[in-house]
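Undergrad: File target_14.pdb follows (PDB, C-alpha atoms, pLDDT in the B column):
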```pdb
ATOM      1  CA  MET A1008      31.902  45.905  47.646  1.00 68.00           C
ATOM      2  CA  GLU A1009      31.480  43.928  44.438  1.00 80.00           C
ATOM      3  CA  GLY A1010      29.099  46.381  42.776  1.00 85.00           C
ATOM      4  CA  LEU A1011      31.433  49.329  43.278  1.00 88.00           C
ATOM      5  CA  GLU A1012      34.353  47.331  41.921  1.00 89.00           C
ATOM      6  CA  LYS A1013      32.290  46.589  38.813  1.00 88.00           C
ATOM      7  CA  PHE A1014      31.479  50.281  38.481  1.00 90.00           C
ATOM      8  CA  LEU A1015      35.120  51.306  38.726  1.00 89.00           C
ATOM      9  CA  ALA A1016      35.963  48.725  36.061  1.00 90.00           C
ATOM     10  CA  LEU A1017      33.554  50.283  33.547  1.00 91.00           C
ATOM     11  CA  GLU A1018      34.918  52.047  30.498  1.00 92.00           C
ATOM     12  CA  GLU A1019      35.714  55.637  31.355  1.00 91.00           C
ATOM     13  CA  GLU A1020      33.019  57.232  29.175  1.00 92.00           C
ATOM     14  CA  LYS A1021      30.200  55.267  30.789  1.00 93.00           C
ATOM     15  CA  ARG A1022      31.584  55.700  34.287  1.00 93.00           C
ATOM     16  CA  GLU A1023      31.930  59.461  33.904  1.00 90.00           C
ATOM     17  CA  ARG A1024      28.447  59.701  32.361  1.00 93.00           C
ATOM     18  CA  ILE A1025      26.914  58.097  35.442  1.00 94.00           C
ATOM     19  CA  ILE A1026      28.937  60.314  37.779  1.00 93.00           C
ATOM     20  CA  ALA A1027      27.949  63.466  35.885  1.00 90.00           C
ATOM     21  CA  ALA A1028      24.264  62.481  35.865  1.00 93.00           C
ATOM     22  CA  ALA A1029      24.304  61.855  39.620  1.00 93.00           C
ATOM     23  CA  MET A1030      26.088  65.116  40.438  1.00 89.00           C
ATOM     24  CA  LYS A1031      23.688  67.054  38.232  1.00 87.00           C
ATOM     25  CA  GLU A1032      20.664  65.554  39.983  1.00 89.00           C
ATOM     26  CA  PHE A1033      22.032  66.208  43.456  1.00 87.00           C
ATOM     27  CA  LEU A1034      21.994  69.923  42.655  1.00 81.00           C
ATOM     28  CA  ALA A1035      18.346  69.642  43.720  1.00 77.00           C
ATOM     29  CA  GLY A1036      19.608  68.786  47.207  1.00 78.00           C
ATOM     30  CA  TYR A1037      19.988  65.323  48.704  1.00 82.00           C
ATOM     31  CA  LYS A1038      16.372  65.084  49.839  1.00 82.00           C
ATOM     32  CA  HIS A1039      14.878  66.012  46.465  1.00 83.00           C
ATOM     33  CA  ALA A1040      17.330  64.185  44.195  1.00 88.00           C
ATOM     34  CA  SER A1041      15.669  61.347  42.255  1.00 92.00           C
ATOM     35  CA  THR A1042      17.442  58.141  41.280  1.00 94.00           C
ATOM     36  CA  ASP A1043      14.874  57.845  38.475  1.00 94.00           C
ATOM     37  CA  ASN A1044      16.239  61.054  36.975  1.00 94.00           C
ATOM     38  CA  ILE A1045      19.807  59.852  37.432  1.00 95.00           C
ATOM     39  CA  VAL A1046      19.315  56.595  35.548  1.00 94.00           C
ATOM     40  CA  ARG A1047      17.334  58.371  32.814  1.00 95.00           C
ATOM     41  CA  GLU A1048      20.142  60.915  32.331  1.00 94.00           C
ATOM     42  CA  ALA A1049      22.872  58.261  32.514  1.00 93.00           C
ATOM     43  CA  GLY A1050      21.091  55.812  30.215  1.00 94.00           C
ATOM     44  CA  ILE A1051      21.231  52.833  32.586  1.00 94.00           C
ATOM     45  CA  SER A1052      18.672  50.781  34.505  1.00 93.00           C
ATOM     46  CA  LYS A1053      17.744  51.589  38.085  1.00 93.00           C
ATOM     47  CA  GLY A1054      18.649  48.062  39.116  1.00 93.00           C
ATOM     48  CA  LEU A1055      22.145  48.540  37.745  1.00 93.00           C
ATOM     49  CA  LEU A1056      22.590  51.821  39.612  1.00 94.00           C
ATOM     50  CA  PHE A1057      21.677  50.150  42.902  1.00 93.00           C
ATOM     51  CA  TYR A1058      23.867  47.156  42.060  1.00 93.00           C
ATOM     52  CA  TYR A1059      26.812  49.525  41.742  1.00 94.00           C
ATOM     53  CA  PHE A1060      26.144  51.634  44.837  1.00 94.00           C
ATOM     54  CA  GLY A1061      23.563  49.853  46.981  1.00 92.00           C
ATOM     55  CA  THR A1062      21.778  52.970  48.230  1.00 91.00           C
ATOM     56  CA  LYS A1063      21.283  56.602  47.334  1.00 91.00           C
ATOM     57  CA  GLU A1064      23.360  57.533  50.372  1.00 87.00           C
ATOM     58  CA  ARG A1065      26.305  55.397  49.244  1.00 90.00           C
ATOM     59  CA  LEU A1066      26.103  56.942  45.795  1.00 92.00           C
ATOM     60  CA  TYR A1067      26.284  60.417  47.362  1.00 89.00           C
ATOM     61  CA  GLN A1068      29.188  59.364  49.558  1.00 85.00           C
ATOM     62  CA  PHE A1069      31.024  57.947  46.541  1.00 90.00           C
ATOM     63  CA  LEU A1070      30.644  61.298  44.755  1.00 89.00           C
ATOM     64  CA  VAL A1071      32.089  63.125  47.745  1.00 83.00           C
ATOM     65  CA  GLU A1072      35.087  60.781  47.914  1.00 83.00           C
ATOM     66  CA  HIS A1073      35.548  61.036  44.140  1.00 86.00           C
ATOM     67  CA  ILE A1074      35.799  64.820  44.417  1.00 83.00           C
ATOM     68  CA  VAL A1075      38.291  64.603  47.264  1.00 77.00           C
ATOM     69  CA  ARG A1076      40.535  62.378  45.129  1.00 80.00           C
ATOM     70  CA  ILE A1077      40.419  64.823  42.233  1.00 80.00           C
ATOM     71  CA  PHE A1078      41.057  67.755  44.557  1.00 77.00           C
ATOM     72  CA  GLU A1079      44.074  66.023  46.054  1.00 73.00           C
ATOM     73  CA  ALA A1080      45.495  64.970  42.686  1.00 75.00           C
ATOM     74  CA  GLU A1081      44.930  68.076  40.587  1.00 72.00           C
ATOM     75  CA  PHE A1082      44.585  71.062  42.882  1.00 70.00           C
ATOM     76  CA  LEU A1083      47.048  70.545  45.703  1.00 67.00           C
ATOM     77  CA  ASP A1084      49.794  69.300  43.394  1.00 67.00           C
ATOM     78  CA  LEU A1085      49.652  72.601  41.509  1.00 68.00           C
ATOM     79  CA  LEU A1086      49.582  74.858  44.539  1.00 67.00           C
ATOM     80  CA  ASN A1087      52.844  76.501  45.493  1.00 66.00           C
ATOM     81  CA  VAL A1088      52.490  77.123  49.221  1.00 62.00           C
ATOM     82  CA  TYR A1089      56.151  78.006  49.539  1.00 68.00           C
ATOM     83  CA  GLN A1090      56.134  81.370  47.805  1.00 78.00           C
ATOM     84  CA  THR A1091      56.720  84.084  50.356  1.00 87.00           C
ATOM     85  CA  ASP A1092      54.176  86.721  49.310  1.00 91.00           C
ATOM     86  CA  ILE A1093      51.025  85.563  51.087  1.00 90.00           C
ATOM     87  CA  LEU A1094      48.719  87.768  49.003  1.00 92.00           C
ATOM     88  CA  ASP A1095      50.142  86.259  45.816  1.00 90.00           C
ATOM     89  CA  SER A1096      49.576  82.800  47.287  1.00 86.00           C
ATOM     90  CA  VAL A1097      45.954  83.600  48.082  1.00 87.00           C
ATOM     91  CA  TRP A1098      45.446  84.929  44.559  1.00 89.00           C
ATOM     92  CA  GLN A1099      46.963  81.741  43.147  1.00 85.00           C
ATOM     93  CA  LEU A1100      44.458  79.728  45.192  1.00 82.00           C
ATOM     94  CA  SER A1101      41.602  81.666  43.617  1.00 84.00           C
ATOM     95  CA  LEU A1102      42.912  81.177  40.075  1.00 85.00           C
ATOM     96  CA  LEU A1103      43.423  77.450  40.618  1.00 82.00           C
ATOM     97  CA  LYS A1104      39.859  77.159  41.885  1.00 79.00           C
ATOM     98  CA  ARG A1105      38.638  78.960  38.764  1.00 82.00           C
ATOM     99  CA  ASP A1106      40.660  76.654  36.525  1.00 82.00           C
ATOM    100  CA  LEU A1107      39.298  73.601  38.346  1.00 79.00           C
ATOM    101  CA  SER A1108      35.731  74.856  37.929  1.00 77.00           C
ATOM    102  CA  GLU A1109      36.274  75.214  34.179  1.00 80.00           C
ATOM    103  CA  LYS A1110      37.839  71.772  33.836  1.00 79.00           C
ATOM    104  CA  TYR A1111      35.226  70.051  36.025  1.00 79.00           C
ATOM    105  CA  PRO A1112      32.085  72.237  35.850  1.00 78.00           C
ATOM    106  CA  VAL A1113      29.746  69.553  37.175  1.00 79.00           C
ATOM    107  CA  ILE A1114      32.004  68.972  40.172  1.00 80.00           C
ATOM    108  CA  PHE A1115      32.142  72.671  40.974  1.00 77.00           C
ATOM    109  CA  ASP A1116      28.349  72.906  40.891  1.00 77.00           C
ATOM    110  CA  PHE A1117      28.016  69.777  43.057  1.00 80.00           C
ATOM    111  CA  VAL A1118      30.406  71.156  45.680  1.00 76.00           C
ATOM    112  CA  THR A1119      28.460  74.415  45.750  1.00 72.00           C
ATOM    113  CA  SER A1120      25.171  72.583  46.240  1.00 73.00           C
ATOM    114  CA  ALA A1121      26.715  70.437  48.994  1.00 71.00           C
ATOM    115  CA  TYR A1122      27.833  73.602  50.779  1.00 68.00           C
ATOM    116  CA  LEU A1123      24.278  74.959  50.671  1.00 66.00           C
ATOM    117  CA  ASP A1124      22.477  71.670  51.350  1.00 66.00           C
ATOM    118  CA  SER A1125      21.290  71.284  54.944  1.00 61.00           C
ATOM    119  CA  ASP A1126      19.511  67.972  54.265  1.00 62.00           C
ATOM    120  CA  ALA A1127      22.342  65.754  53.026  1.00 61.00           C
ATOM    121  CA  LYS A1128      21.881  62.228  54.353  1.00 56.00           C
ATOM    122  CA  ASP A1129      23.562  61.585  57.714  1.00 58.00           C
ATOM    123  CA  GLY A1130      25.759  64.623  57.347  1.00 64.00           C
ATOM    124  CA  VAL A1131      27.737  63.271  54.394  1.00 65.00           C
ATOM    125  CA  ALA A1132      27.911  66.743  52.844  1.00 63.00           C
ATOM    126  CA  LYS A1133      28.858  68.257  56.190  1.00 67.00           C
ATOM    127  CA  ASP A1134      31.585  65.656  56.621  1.00 69.00           C
ATOM    128  CA  PHE A1135      32.953  66.524  53.187  1.00 66.00           C
ATOM    129  CA  LEU A1136      32.863  70.236  53.963  1.00 66.00           C
ATOM    130  CA  ALA A1137      34.568  69.700  57.305  1.00 73.00           C
ATOM    131  CA  LYS A1138      37.373  67.796  55.577  1.00 71.00           C
ATOM    132  CA  ALA A1139      37.627  70.461  52.874  1.00 68.00           C
ATOM    133  CA  MET A1140      37.795  73.257  55.450  1.00 70.00           C
ATOM    134  CA  ALA A1141      40.407  71.374  57.456  1.00 75.00           C
ATOM    135  CA  ARG A1142      42.492  70.919  54.323  1.00 72.00           C
ATOM    136  CA  ARG A1143      42.078  74.591  53.433  1.00 72.00           C
ATOM    137  CA  ALA A1144      43.108  75.588  56.970  1.00 77.00           C
ATOM    138  CA  LYS A1145      46.244  73.457  56.641  1.00 77.00           C
ATOM    139  CA  ILE A1146      47.063  75.080  53.296  1.00 77.00           C
ATOM    140  CA  MET A1147      46.595  78.569  54.713  1.00 79.00           C
ATOM    141  CA  THR A1148      48.738  77.720  57.735  1.00 82.00           C
ATOM    142  CA  ASP A1149      51.511  76.695  55.338  1.00 79.00           C
ATOM    143  CA  VAL A1150      50.992  79.875  53.309  1.00 80.00           C
ATOM    144  CA  TYR A1151      51.189  82.127  56.368  1.00 84.00           C
ATOM    145  CA  SER A1152      54.144  80.265  57.882  1.00 83.00           C
ATOM    146  CA  ASN A1153      56.196  81.015  54.767  1.00 84.00           C
ATOM    147  CA  ALA A1154      55.368  84.722  54.738  1.00 88.00           C
ATOM    148  CA  ASP A1155      58.228  87.105  54.051  1.00 92.00           C
ATOM    149  CA  TYR A1156      58.002  89.636  56.867  1.00 93.00           C
ATOM    150  CA  SER A1157      60.275  92.037  55.007  1.00 94.00           C
ATOM    151  CA  LEU A1158      57.405  92.749  52.578  1.00 94.00           C
ATOM    152  CA  PHE A1159      55.404  94.394  55.347  1.00 95.00           C
ATOM    153  CA  ARG A1160      55.654  98.033  56.359  1.00 94.00           C
ATOM    154  CA  GLU A1161      58.128  98.652  59.138  1.00 94.00           C
ATOM    155  CA  ASP A1162      55.604 100.532  61.290  1.00 94.00           C
ATOM    156  CA  ILE A1163      53.259  97.550  61.784  1.00 92.00           C
ATOM    157  CA  ASP A1164      53.513  94.146  63.438  1.00 94.00           C
ATOM    158  CA  PRO A1165      53.670  91.554  60.612  1.00 92.00           C
ATOM    159  CA  GLU A1166      52.056  88.808  62.697  1.00 92.00           C
ATOM    160  CA  ARG A1167      49.095  91.009  63.567  1.00 93.00           C
ATOM    161  CA  ALA A1168      48.853  92.117  59.954  1.00 93.00           C
ATOM    162  CA  ILE A1169      48.725  88.483  58.831  1.00 92.00           C
ATOM    163  CA  ARG A1170      45.999  87.812  61.395  1.00 91.00           C
ATOM    164  CA  LEU A1171      43.977  90.737  60.059  1.00 93.00           C
ATOM    165  CA  ILE A1172      44.475  89.517  56.497  1.00 91.00           C
ATOM    166  CA  SER A1173      43.271  86.054  57.510  1.00 89.00           C
ATOM    167  CA  TRP A1174      40.138  87.491  59.134  1.00 91.00           C
ATOM    168  CA  ALA A1175      39.429  89.673  56.106  1.00 90.00           C
ATOM    169  CA  LEU A1176      39.717  86.759  53.674  1.00 85.00           C
ATOM    170  CA  GLN A1177      37.547  84.533  55.854  1.00 83.00           C
ATOM    171  CA  GLY A1178      34.931  87.277  56.073  1.00 85.00           C
ATOM    172  CA  TYR A1179      34.900  87.722  52.315  1.00 83.00           C
ATOM    173  CA  ALA A1180      34.472  83.970  51.769  1.00 76.00           C
ATOM    174  CA  GLU A1181      31.536  83.856  54.190  1.00 74.00           C
ATOM    175  CA  SER A1182      29.949  86.877  52.533  1.00 77.00           C
ATOM    176  CA  ALA A1183      30.279  85.340  49.055  1.00 70.00           C
ATOM    177  CA  ALA A1184      28.752  82.078  50.300  1.00 63.00           C
ATOM    178  CA  ALA A1185      25.817  83.970  51.855  1.00 64.00           C
ATOM    179  CA  ASP A1186      25.168  85.728  48.531  1.00 65.00           C
ATOM    180  CA  ALA A1187      24.948  82.324  46.821  1.00 58.00           C
ATOM    181  CA  VAL A1188      22.314  80.899  49.165  1.00 54.00           C
ATOM    182  CA  VAL A1189      19.056  80.008  47.439  1.00 51.00           C
ATOM    183  CA  LYS A1190      15.623  79.708  49.019  1.00 50.00           C
ATOM    184  CA  PRO A1191      14.726  76.263  50.430  1.00 48.00           C
ATOM    185  CA  ASP A1192      12.190  75.585  47.658  1.00 48.00           C
ATOM    186  CA  GLU A1193      14.523  76.614  44.853  1.00 52.00           C
ATOM    187  CA  LYS A1194      16.990  74.456  42.959  1.00 51.00           C
ATOM    188  CA  LEU A1195      20.530  75.664  42.435  1.00 51.00           C
ATOM    189  CA  GLN A1196      20.904  76.220  38.713  1.00 52.00           C
ATOM    190  CA  ALA A1197      23.874  74.461  37.144  1.00 51.00           C
ATOM    191  CA  GLY A1198      26.555  76.992  36.292  1.00 54.00           C
ATOM    192  CA  SER A1199      24.925  79.857  38.176  1.00 57.00           C
ATOM    193  CA  ILE A1200      27.946  80.326  40.448  1.00 60.00           C
ATOM    194  CA  ARG A1201      30.539  79.636  37.765  1.00 63.00           C
ATOM    195  CA  GLU A1202      28.979  82.193  35.417  1.00 67.00           C
ATOM    196  CA  ASN A1203      29.740  84.912  37.966  1.00 71.00           C
ATOM    197  CA  TYR A1204      33.126  83.590  39.024  1.00 76.00           C
ATOM    198  CA  ASP A1205      35.121  86.123  37.013  1.00 78.00           C
ATOM    199  CA  GLN A1206      33.108  88.862  38.682  1.00 81.00           C
ATOM    200  CA  TYR A1207      33.955  87.394  42.075  1.00 82.00           C
ATOM    201  CA  LEU A1208      37.602  87.259  41.064  1.00 87.00           C
ATOM    202  CA  GLN A1209      37.645  90.925  40.073  1.00 89.00           C
ATOM    203  CA  GLU A1210      36.069  91.922  43.365  1.00 90.00           C
ATOM    204  CA  PHE A1211      38.412  89.665  45.331  1.00 90.00           C
ATOM    205  CA  ARG A1212      41.422  91.111  43.521  1.00 92.00           C
ATOM    206  CA  ALA A1213      40.301  94.605  44.490  1.00 94.00           C
ATOM    207  CA  TYR A1214      40.219  93.591  48.151  1.00 93.00           C
ATOM    208  CA  LEU A1215      43.671  92.020  47.901  1.00 94.00           C
ATOM    209  CA  ASP A1216      45.002  95.249  46.389  1.00 95.00           C
ATOM    210  CA  ILE A1217      43.591  97.205  49.333  1.00 95.00           C
ATOM    211  CA  LEU A1218      45.234  94.813  51.784  1.00 95.00           C
ATOM    212  CA  ARG A1219      48.515  95.154  49.914  1.00 95.00           C
ATOM    213  CA  LYS A1220      48.369  98.957  50.131  1.00 95.00           C
ATOM    214  CA  CYS A1221      47.513  98.813  53.828  1.00 94.00           C
ATOM    215  CA  PHE A1222      50.183  96.389  54.990  1.00 95.00           C
ATOM    216  CA  TYR A1223      52.985  96.227  52.413  1.00 95.00           C
ATOM    217  CA  LYS A1224      55.808  98.661  51.777  1.00 92.00           C
TER     218      LYS A1224
END
```
Could you take the file, read its structure, and then write that structure out as structure tokens?
TA:
Amino acid sequence: MEGLEKFLALEEEKRERIIAAAMKEFLAGYKHASTDNIVREAGISKGLLFYYFGTKERLYQFLVEHIVRIFEAEFLDLLNVYQTDILDSVWQLSLLKRDLSEKYPVIFDFVTSAYLDSDAKDGVAKDFLAKAMARRAKIMTDVYSNADYSLFREDIDPERAIRLISWALQGYAESAAADAVVKPDEKLQAGSIRENYDQYLQEFRAYLDILRKCFYK
């Protein structure tokens, strides 16, 4: 696609300005996002935006793919899935996510809005989330497969304990996501989730400590 190639060839500052403007606008949800607002924020013409991406849907899809590339390059490369304490590995995942949200705040907000958006065109957001969840499941499988069973108490079955830990962590993630849900007529405020991330971390750490006391020696 010639337009996209031209976009990727732009100087970095201009390219990132357009990406940031688009992600910020999509916080309103796919249905309510306005390309007029995007071009105004980015300082480009509407014709140029559509030359680069063709349609609003393709722009949204590009943003999703852009995030996946960053996630692959900067998050997974830093993750040590081979350490044998699974609770330490899970904690490391949380800290890396926090660091990524601080380095790329607009991306973090966009991902959050995509998670909550039920109107994303043709399921693009859902496709992204499905890929993200599949990747997360693969990471957690690697984490659990490297677990050091000797860390667990001798009076419990380590495999069942790991299963219970997995269920507990999944339940906490679903609960945190439910707390973040906004009403259909409300716009997710940029930074609203990130501002409370340290609070989430403290609460999550407390749950990990309980799991450690329950299952570890």
Undergrad: Find the spatial neighbours of A:Leu1094, counting only C-alpha atoms, within a cut-off of 12 Å - ignore same-chain residues fewer than 6 positions away - and output them as JSON, numbers by chain.
TA: {"A": [1088, 1100, 1101, 1147, 1150, 1151, 1153, 1154, 1155, 1158, 1159, 1168, 1169, 1172, 1173, 1175, 1176, 1211, 1212, 1213, 1214, 1215, 1216, 1217, 1218, 1219, 1220, 1222, 1223]}
Undergrad: Given the choices A:Ala1137, A:Val1118, A:Asp1164, A:Val1097, which gets closest to A:Asp1149 if the distance is worked out from all atoms listed in the file?
TA: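 Nearest candidate to A:Asp1149 out of A:Ala1137, A:Val1118, A:Asp1164, A:Val1097: A:Val1097.
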Undergrad: Please evaluate the PyMOL selection byres ((chain A and resi 1040) around 12) against the displayed coordinates and give the resulting residues as a ChimeraX atom specification.
TA: /A:1028-1039,1041-1046,1063-1064,1066-1067,1120,1124,1126-1128,1194
Undergrad: With all atoms listed in the file as the atoms that count, which of A:Phe1117, A:Ala1141, A:Asn1203, A:Lys1224 lies nearest to A:Pro1165?
TA: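 Among A:Phe1117, A:Ala1141, A:Asn1203, A:Lys1224, it is A:Lys1224 that comes nearest to A:Pro1165.
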Undergrad: In Å, with one decimal, what is the gap from atom CA of A:Gly1050 to atom CA of A:Arg1024?
TA: 8.6 Å
Undergrad: Could you list as a VMD selection string every residue that has an atom within 12 Å of (36.2, 82.0, 33.7), using the file's coordinates and counting all atoms listed in the file?
TA: chain A and resid 1101 to 1110 1112 1198 1200 to 1209
Undergrad: Tell me which residues the PyMOL selection byres ((chain A and resi 1056-1060) around 8) grabs here, as an MDAnalysis selection string.
TA: chainID A and resid 1009:1014 1046 1051:1055 1061:1063 1065:1066
Undergrad: Any idea what the distance is between atom CA of A:Gln1099 and atom CA of A:Ser1182?
TA: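 Distance reported for this atom pair: 20.1 Å.
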